[in-house]
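Okay, structure first, notes after.
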Amino acid sequence: MQRPIPEIRDMLATLIATPSISSVSPQWDQSNEVVVSQLAQWLSALDFRVETMAVPGAPGKYNLIATRGEGPGGLVLSGHTDTVPFDEHRWQTDPFTLSERGDRWYGLGTCDMKGFFPLALEAAWRARDAAFSEPLVILATADEESAMGGARELVRAGRPRGRYAVIGEPTEIRPVRLHKGIMMERLRLEGRSGHSSDPSLGRNALEGMNAVLTEILALRGELQKQYQHPGFRVDVPTLNPGHIHGGDNPNRICADCELHFDLRPLPGMDISELRRLILERVAPIARARELECIFEPLFDGVPPFEQAESSKLVSLCEQMTGHRAEGVAFATEAPFLQSLGMETLVLGPGSIDQAHQPDEFLALSQIEPMVGILSGLIQRCCVEPGEERAGD
């Protein structure tokens, strides 16, 4: 039978050649419509029912849900269609041209994570003659690299539904069942300027921020004593003060000061509760100094994620890969898909060490093993479930 879709390399070359950067900076941000349209074309050729979903409030951004088979349950193979921005002068080759050197394919998004889609389509093609008892869904999302708007819209829409979900982020084909969350927060204190020779003429926001920062770091220490998780190399929640700016001149009382920090909570820690706790600790300091306090997220944040070690999907992927499921420091769309009721795991080709880097690459040695694992997952999750129920 003639292939209805291109070979793996040709599919990846087409995706890499189609820019789909997402960024909070408007000068970088791009639509992912062409990538989604191309995936929809290939998936339609494989007899998937294809639906594209616009992401409200994000013009030019789309999710794609492609389904083969009927019924509840089944397997979702998920990836994001966007990439990060890039430093062109630091690349040895054109980021938008797939190039091969040694045993590697280079290009923007090769491992993070456009490279996952051709492998998922290849596995679907190899299963073309199988009788599915539960559906296979290939999911492509928008804006994972910026605000995770695509995943948030899926949660609002309540779909897709499945029994299992595998997200193909670069994990070197090692199953990942937990990761920390991420919060990025903005805290601003506003006082009143005045001549520095007389402190009573103003209210110094910089001095207030000094007290606030001391309190935040004390809270960090308390959280790290209260929460630990052995599944992580850094087994405590971290809080990093990453940016501070205030005032305008040494001889003026500082009228405003702004701090940006990130907090990476462990599974079991709630983002909204952490924000309430931070405000509870810093607001009295601001009031005592007659400073206005503005505390708000720089983006909505990503919750921490943990899939139970005893879950069937974890066991299945451990068997197929030969590796015990582990934790990672980077955040993914896993908590959003898990909230839809699916057992969820992160498992894909490539290394996170290459992601977001010049000369990003995908090792050729990981391609066929990953296709084999995806084929096995399709067999176990979409073809065999009916046989298992028949034998009950």
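Residues are referred to by chain and number: the chain letter is A, B, ... according to the order shown in the structure tokens, the number counts from 1 in that chain, and ligands are numbered separately from 1 in the order shown.
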Determine, counting only C-alpha atoms, which protein, DNA and RNA residues have an atom within 12 Å of an atom of Val346 (chain A); residues of the same chain fewer than 3 positions away are not included. Present the result as a ChimeraX atom specification. /A:76-79,116,164-179,305-307,313-314,317-318,325-328,330-335,337-338,343,349
Limited to N, CA and C atoms, could you put the picked residues into a file as a tab-separated table (two decimals), in the first residue's frame?
```tsv
chain	number	residue	atom	x	y	z
A	76	VAL	N	-4.46	9.07	24.49
A	76	VAL	CA	-4.18	10.39	23.92
A	76	VAL	C	-2.67	10.55	23.82
A	77	LEU	N	-2.17	10.82	22.62
A	77	LEU	CA	-0.77	11.16	22.39
A	77	LEU	C	-0.70	12.66	22.14
A	78	SER	N	-0.05	13.39	23.01
A	78	SER	CA	-0.17	14.85	23.02
A	78	SER	C	1.18	15.54	22.86
A	79	GLY	N	1.15	16.64	22.12
A	79	GLY	CA	2.33	17.49	21.98
A	79	GLY	C	1.93	18.93	21.74
A	116	PHE	N	8.09	14.99	17.99
A	116	PHE	CA	7.20	13.94	18.49
A	116	PHE	C	6.09	13.62	17.50
A	164	TYR	N	-5.94	7.15	29.10
A	164	TYR	CA	-4.51	7.42	29.31
A	164	TYR	C	-4.08	8.58	28.41
A	165	ALA	N	-3.09	9.34	28.88
A	165	ALA	CA	-2.51	10.42	28.08
A	165	ALA	C	-0.99	10.37	28.23
A	166	VAL	N	-0.29	10.41	27.10
A	166	VAL	CA	1.17	10.46	27.08
A	166	VAL	C	1.58	11.74	26.36
A	167	ILE	N	2.36	12.56	27.04
A	167	ILE	CA	2.83	13.82	26.48
A	167	ILE	C	4.28	13.64	26.05
A	168	GLY	N	4.57	13.90	24.78
A	168	GLY	CA	5.86	13.55	24.20
A	168	GLY	C	6.96	14.57	24.38
A	169	GLU	N	7.01	15.24	25.53
A	169	GLU	CA	8.12	16.17	25.81
A	169	GLU	C	9.44	15.39	25.87
A	170	PRO	N	10.57	16.08	25.64
A	170	PRO	CA	11.86	15.37	25.62
A	170	PRO	C	12.28	14.86	26.99
A	171	THR	N	12.25	13.54	27.15
A	171	THR	CA	12.66	12.90	28.40
A	171	THR	C	13.70	11.81	28.17
A	172	GLU	N	14.29	11.77	26.96
A	172	GLU	CA	15.24	10.72	26.59
A	172	GLU	C	14.60	9.32	26.69
A	173	ILE	N	13.33	9.27	26.37
A	173	ILE	CA	12.54	8.04	26.37
A	173	ILE	C	12.55	7.39	27.77
A	174	ARG	N	12.51	8.23	28.78
A	174	ARG	CA	12.37	7.75	30.16
A	174	ARG	C	11.05	8.28	30.69
A	175	PRO	N	10.23	7.43	31.31
A	175	PRO	CA	8.92	7.90	31.78
A	175	PRO	C	9.04	8.88	32.95
A	176	VAL	N	8.26	9.93	32.90
A	176	VAL	CA	8.24	10.95	33.94
A	176	VAL	C	6.81	11.02	34.51
A	177	ARG	N	6.71	10.81	35.81
A	177	ARG	CA	5.38	10.78	36.43
A	177	ARG	C	5.13	11.94	37.38
A	178	LEU	N	6.12	12.82	37.55
A	178	LEU	CA	5.90	13.97	38.43
A	178	LEU	C	6.84	15.11	38.06
A	179	HIS	N	6.33	16.32	38.25
A	179	HIS	CA	7.18	17.51	38.11
A	179	HIS	C	6.66	18.61	39.01
A	305	PHE	N	2.61	18.41	39.28
A	305	PHE	CA	2.00	17.21	38.70
A	305	PHE	C	2.59	15.96	39.33
A	306	GLU	N	1.70	15.02	39.65
A	306	GLU	CA	2.16	13.70	40.09
A	306	GLU	C	1.13	12.65	39.69
A	307	GLN	N	1.59	11.64	38.98
A	307	GLN	CA	0.78	10.47	38.66
A	307	GLN	C	1.20	9.35	39.60
A	313	LEU	N	-0.72	3.06	33.73
A	313	LEU	CA	0.08	3.69	32.68
A	313	LEU	C	1.55	3.76	33.09
A	314	VAL	N	1.81	4.11	34.34
A	314	VAL	CA	3.19	4.17	34.82
A	314	VAL	C	3.84	2.79	34.70
A	317	CYS	N	4.52	1.89	30.97
A	317	CYS	CA	5.64	2.61	30.36
A	317	CYS	C	6.98	2.21	30.97
A	318	GLU	N	6.98	1.87	32.24
A	318	GLU	CA	8.20	1.36	32.84
A	318	GLU	C	8.61	0.04	32.18
A	325	ALA	N	9.93	5.18	36.43
A	325	ALA	CA	9.41	6.54	36.26
A	325	ALA	C	10.04	7.48	37.28
A	326	GLU	N	10.31	8.71	36.87
A	326	GLU	CA	11.05	9.65	37.70
A	326	GLU	C	10.41	11.02	37.68
A	327	GLY	N	11.04	11.97	38.37
A	327	GLY	CA	10.57	13.35	38.40
A	327	GLY	C	11.53	14.26	37.66
A	328	VAL	N	11.02	15.39	37.16
A	328	VAL	CA	11.85	16.37	36.46
A	328	VAL	C	11.56	17.77	37.01
A	330	PHE	N	11.28	20.57	35.05
A	330	PHE	CA	10.55	21.46	34.14
A	330	PHE	C	9.05	21.15	34.17
A	331	ALA	N	8.24	22.16	33.83
A	331	ALA	CA	6.79	22.01	33.85
A	331	ALA	C	6.27	21.63	32.46
A	332	THR	N	5.12	20.94	32.44
A	332	THR	CA	4.50	20.50	31.19
A	332	THR	C	2.98	20.72	31.27
A	333	GLU	N	2.31	20.25	30.23
A	333	GLU	CA	0.84	20.32	30.21
A	333	GLU	C	0.19	19.16	30.96
A	334	ALA	N	0.99	18.32	31.60
A	334	ALA	CA	0.47	17.12	32.26
A	334	ALA	C	-0.62	17.41	33.29
A	335	PRO	N	-0.47	18.42	34.18
A	335	PRO	CA	-1.54	18.61	35.17
A	335	PRO	C	-2.88	18.99	34.54
A	337	LEU	N	-4.04	17.89	31.47
A	337	LEU	CA	-4.65	16.67	30.94
A	337	LEU	C	-5.08	15.75	32.07
A	338	GLN	N	-4.29	15.67	33.12
A	338	GLN	CA	-4.67	14.84	34.26
A	338	GLN	C	-5.98	15.32	34.88
A	343	GLU	N	-5.16	9.08	33.36
A	343	GLU	CA	-3.83	8.76	33.83
A	343	GLU	C	-2.85	9.39	32.84
A	349	PRO	N	11.09	11.55	22.92
A	349	PRO	CA	12.48	11.50	22.46
A	349	PRO	C	13.17	12.84	22.66
```
Among region 138-386 of chain A, which residues does DSSP mark as helix (DSSP H, G or I) when it is run on the backbone? Keep the chain and numbering as in the structure and answer as JSON, numbers by chain. {"A": [149, 150, 151, 152, 153, 154, 155, 156, 157, 199, 200, 201, 205, 206, 207, 208, 209, 210, 211, 212, 213, 214, 215, 216, 217, 218, 219, 220, 221, 222, 223, 224, 225, 226, 271, 272, 273, 274, 275, 276, 277, 278, 279, 280, 281, 282, 283, 284, 285, 286, 287, 288, 312, 313, 314, 315, 316, 317, 318, 319, 320, 321, 334, 335, 336, 337, 338, 364, 365, 366, 367, 368, 369, 370, 371, 372, 373, 374, 375, 376, 377, 378, 379, 380, 381, 382, 383, 385, 386]}
Requested write-out: C-alpha atoms of the selected residues, as a PDB file, in the first residue's frame:
```
ATOM      1  CA  GLY A 149      -3.348  28.854  26.714  1.00  0.00           C
ATOM      2  CA  GLY A 150      -4.120  25.828  24.551  1.00  0.00           C
ATOM      3  CA  ALA A 151      -4.095  23.403  27.472  1.00  0.00           C
ATOM      4  CA  ARG A 152      -6.168  25.746  29.622  1.00  0.00           C
ATOM      5  CA  GLU A 153      -8.779  25.970  26.856  1.00  0.00           C
ATOM      6  CA  LEU A 154      -8.952  22.163  26.661  1.00  0.00           C
ATOM      7  CA  VAL A 155      -9.707  22.048  30.383  1.00  0.00           C
ATOM      8  CA  ARG A 156     -12.445  24.659  29.944  1.00  0.00           C
ATOM      9  CA  ALA A 157     -13.907  22.634  27.065  1.00  0.00           C
ATOM     10  CA  PRO A 199      12.895  61.089  55.472  1.00  0.00           C
ATOM     11  CA  SER A 200       9.633  62.442  56.893  1.00  0.00           C
ATOM     12  CA  LEU A 201       8.867  64.058  53.538  1.00  0.00           C
ATOM     13  CA  ALA A 205       9.233  51.937  48.962  1.00  0.00           C
ATOM     14  CA  LEU A 206      12.756  50.547  48.657  1.00  0.00           C
ATOM     15  CA  GLU A 207      13.141  50.275  52.419  1.00  0.00           C
ATOM     16  CA  GLY A 208       9.735  48.632  52.532  1.00  0.00           C
ATOM     17  CA  MET A 209      10.780  46.153  49.864  1.00  0.00           C
ATOM     18  CA  ASN A 210      13.861  45.282  51.902  1.00  0.00           C
ATOM     19  CA  ALA A 211      11.592  44.239  54.768  1.00  0.00           C
ATOM     20  CA  VAL A 212       9.212  42.433  52.420  1.00  0.00           C
ATOM     21  CA  LEU A 213      12.029  40.504  50.738  1.00  0.00           C
ATOM     22  CA  THR A 214      13.354  39.447  54.134  1.00  0.00           C
ATOM     23  CA  GLU A 215       9.890  38.123  55.000  1.00  0.00           C
ATOM     24  CA  ILE A 216       9.543  36.281  51.673  1.00  0.00           C
ATOM     25  CA  LEU A 217      12.892  34.561  52.146  1.00  0.00           C
ATOM     26  CA  ALA A 218      11.893  33.596  55.675  1.00  0.00           C
ATOM     27  CA  LEU A 219       8.711  32.088  54.259  1.00  0.00           C
ATOM     28  CA  ARG A 220      10.812  30.173  51.722  1.00  0.00           C
ATOM     29  CA  GLY A 221      12.747  28.601  54.579  1.00  0.00           C
ATOM     30  CA  GLU A 222       9.533  27.623  56.350  1.00  0.00           C
ATOM     31  CA  LEU A 223       8.079  26.034  53.207  1.00  0.00           C
ATOM     32  CA  GLN A 224      11.278  24.075  52.624  1.00  0.00           C
ATOM     33  CA  LYS A 225      11.117  22.692  56.169  1.00  0.00           C
ATOM     34  CA  GLN A 226       7.456  21.784  55.756  1.00  0.00           C
ATOM     35  CA  ILE A 271      -0.863  27.747  43.847  1.00  0.00           C
ATOM     36  CA  SER A 272      -3.807  29.849  45.036  1.00  0.00           C
ATOM     37  CA  GLU A 273      -3.077  28.965  48.664  1.00  0.00           C
ATOM     38  CA  LEU A 274       0.567  29.939  48.222  1.00  0.00           C
ATOM     39  CA  ARG A 275      -0.448  33.309  46.800  1.00  0.00           C
ATOM     40  CA  ARG A 276      -2.807  33.862  49.742  1.00  0.00           C
ATOM     41  CA  LEU A 277      -0.032  32.948  52.178  1.00  0.00           C
ATOM     42  CA  ILE A 278       2.478  35.330  50.565  1.00  0.00           C
ATOM     43  CA  LEU A 279       0.045  38.238  50.623  1.00  0.00           C
ATOM     44  CA  GLU A 280      -0.844  37.460  54.225  1.00  0.00           C
ATOM     45  CA  ARG A 281       2.805  37.805  55.172  1.00  0.00           C
ATOM     46  CA  VAL A 282       3.743  40.935  53.192  1.00  0.00           C
ATOM     47  CA  ALA A 283       0.581  43.065  53.404  1.00  0.00           C
ATOM     48  CA  PRO A 284       1.046  43.976  57.111  1.00  0.00           C
ATOM     49  CA  ILE A 285       4.576  45.193  56.381  1.00  0.00           C
ATOM     50  CA  ALA A 286       3.278  47.489  53.639  1.00  0.00           C
ATOM     51  CA  ARG A 287       0.452  48.805  55.844  1.00  0.00           C
ATOM     52  CA  ALA A 288       2.824  49.551  58.730  1.00  0.00           C
ATOM     53  CA  LYS A 312      -1.411   1.175  35.125  1.00  0.00           C
ATOM     54  CA  LEU A 313       0.084   3.690  32.678  1.00  0.00           C
ATOM     55  CA  VAL A 314       3.195   4.168  34.816  1.00  0.00           C
ATOM     56  CA  SER A 315       3.668   0.406  35.083  1.00  0.00           C
ATOM     57  CA  LEU A 316       3.126  -0.080  31.360  1.00  0.00           C
ATOM     58  CA  CYS A 317       5.639   2.609  30.356  1.00  0.00           C
ATOM     59  CA  GLU A 318       8.203   1.363  32.835  1.00  0.00           C
ATOM     60  CA  GLN A 319       7.927  -2.106  31.281  1.00  0.00           C
ATOM     61  CA  MET A 320       8.230  -0.778  27.736  1.00  0.00           C
ATOM     62  CA  THR A 321      11.158   1.548  28.364  1.00  0.00           C
ATOM     63  CA  ALA A 334       0.469  17.124  32.261  1.00  0.00           C
ATOM     64  CA  PRO A 335      -1.545  18.610  35.169  1.00  0.00           C
ATOM     65  CA  PHE A 336      -4.096  19.999  32.713  1.00  0.00           C
ATOM     66  CA  LEU A 337      -4.652  16.673  30.937  1.00  0.00           C
ATOM     67  CA  GLN A 338      -4.672  14.845  34.258  1.00  0.00           C
ATOM     68  CA  LEU A 364      18.508   9.562  15.291  1.00  0.00           C
ATOM     69  CA  SER A 365      19.150   6.676  17.683  1.00  0.00           C
ATOM     70  CA  GLN A 366      15.988   7.588  19.602  1.00  0.00           C
ATOM     71  CA  ILE A 367      13.593   7.665  16.656  1.00  0.00           C
ATOM     72  CA  GLU A 368      12.878   3.991  16.018  1.00  0.00           C
ATOM     73  CA  PRO A 369      12.805   3.058  19.732  1.00  0.00           C
ATOM     74  CA  MET A 370      10.248   5.816  20.348  1.00  0.00           C
ATOM     75  CA  VAL A 371       8.080   4.720  17.429  1.00  0.00           C
ATOM     76  CA  GLY A 372       8.227   1.179  18.811  1.00  0.00           C
ATOM     77  CA  ILE A 373       7.067   2.313  22.248  1.00  0.00           C
ATOM     78  CA  LEU A 374       4.232   4.372  20.769  1.00  0.00           C
ATOM     79  CA  SER A 375       3.185   1.383  18.650  1.00  0.00           C
ATOM     80  CA  GLY A 376       3.178  -0.758  21.771  1.00  0.00           C
ATOM     81  CA  LEU A 377       1.081   1.770  23.666  1.00  0.00           C
ATOM     82  CA  ILE A 378      -1.453   1.894  20.824  1.00  0.00           C
ATOM     83  CA  GLN A 379      -1.637  -1.901  20.856  1.00  0.00           C
ATOM     84  CA  ARG A 380      -2.085  -2.153  24.616  1.00  0.00           C
ATOM     85  CA  CYS A 381      -4.384   0.843  25.113  1.00  0.00           C
ATOM     86  CA  CYS A 382      -6.476   0.911  21.922  1.00  0.00           C
ATOM     87  CA  VAL A 383      -6.476  -2.611  20.458  1.00  0.00           C
ATOM     88  CA  PRO A 385      -8.608  -3.449  26.004  1.00  0.00           C
ATOM     89  CA  GLY A 386     -11.622  -5.071  24.347  1.00  0.00           C
TER      90      GLY A 386
END
```
Length of the CA of Ser196 (chain A) to CA of Cys254 (chain A) vector [Å]: 8.9 Å
Please provide the set of residues having any atom within 8 Å of His243 (chain A), restricted to only C-alpha atoms, with same-chain residues fewer than 3 positions apart removed, written as a list in words. Leu259, His260 and Phe261 of chain A
Extract, using only C-alpha atoms, all DNA, RNA and protein residues at most 9 Å from Trp125 (chain A), discarding same-chain residues fewer than 4 positions from it, and format them as a ChimeraX atom specification. /A:3-5,46,120-121,129
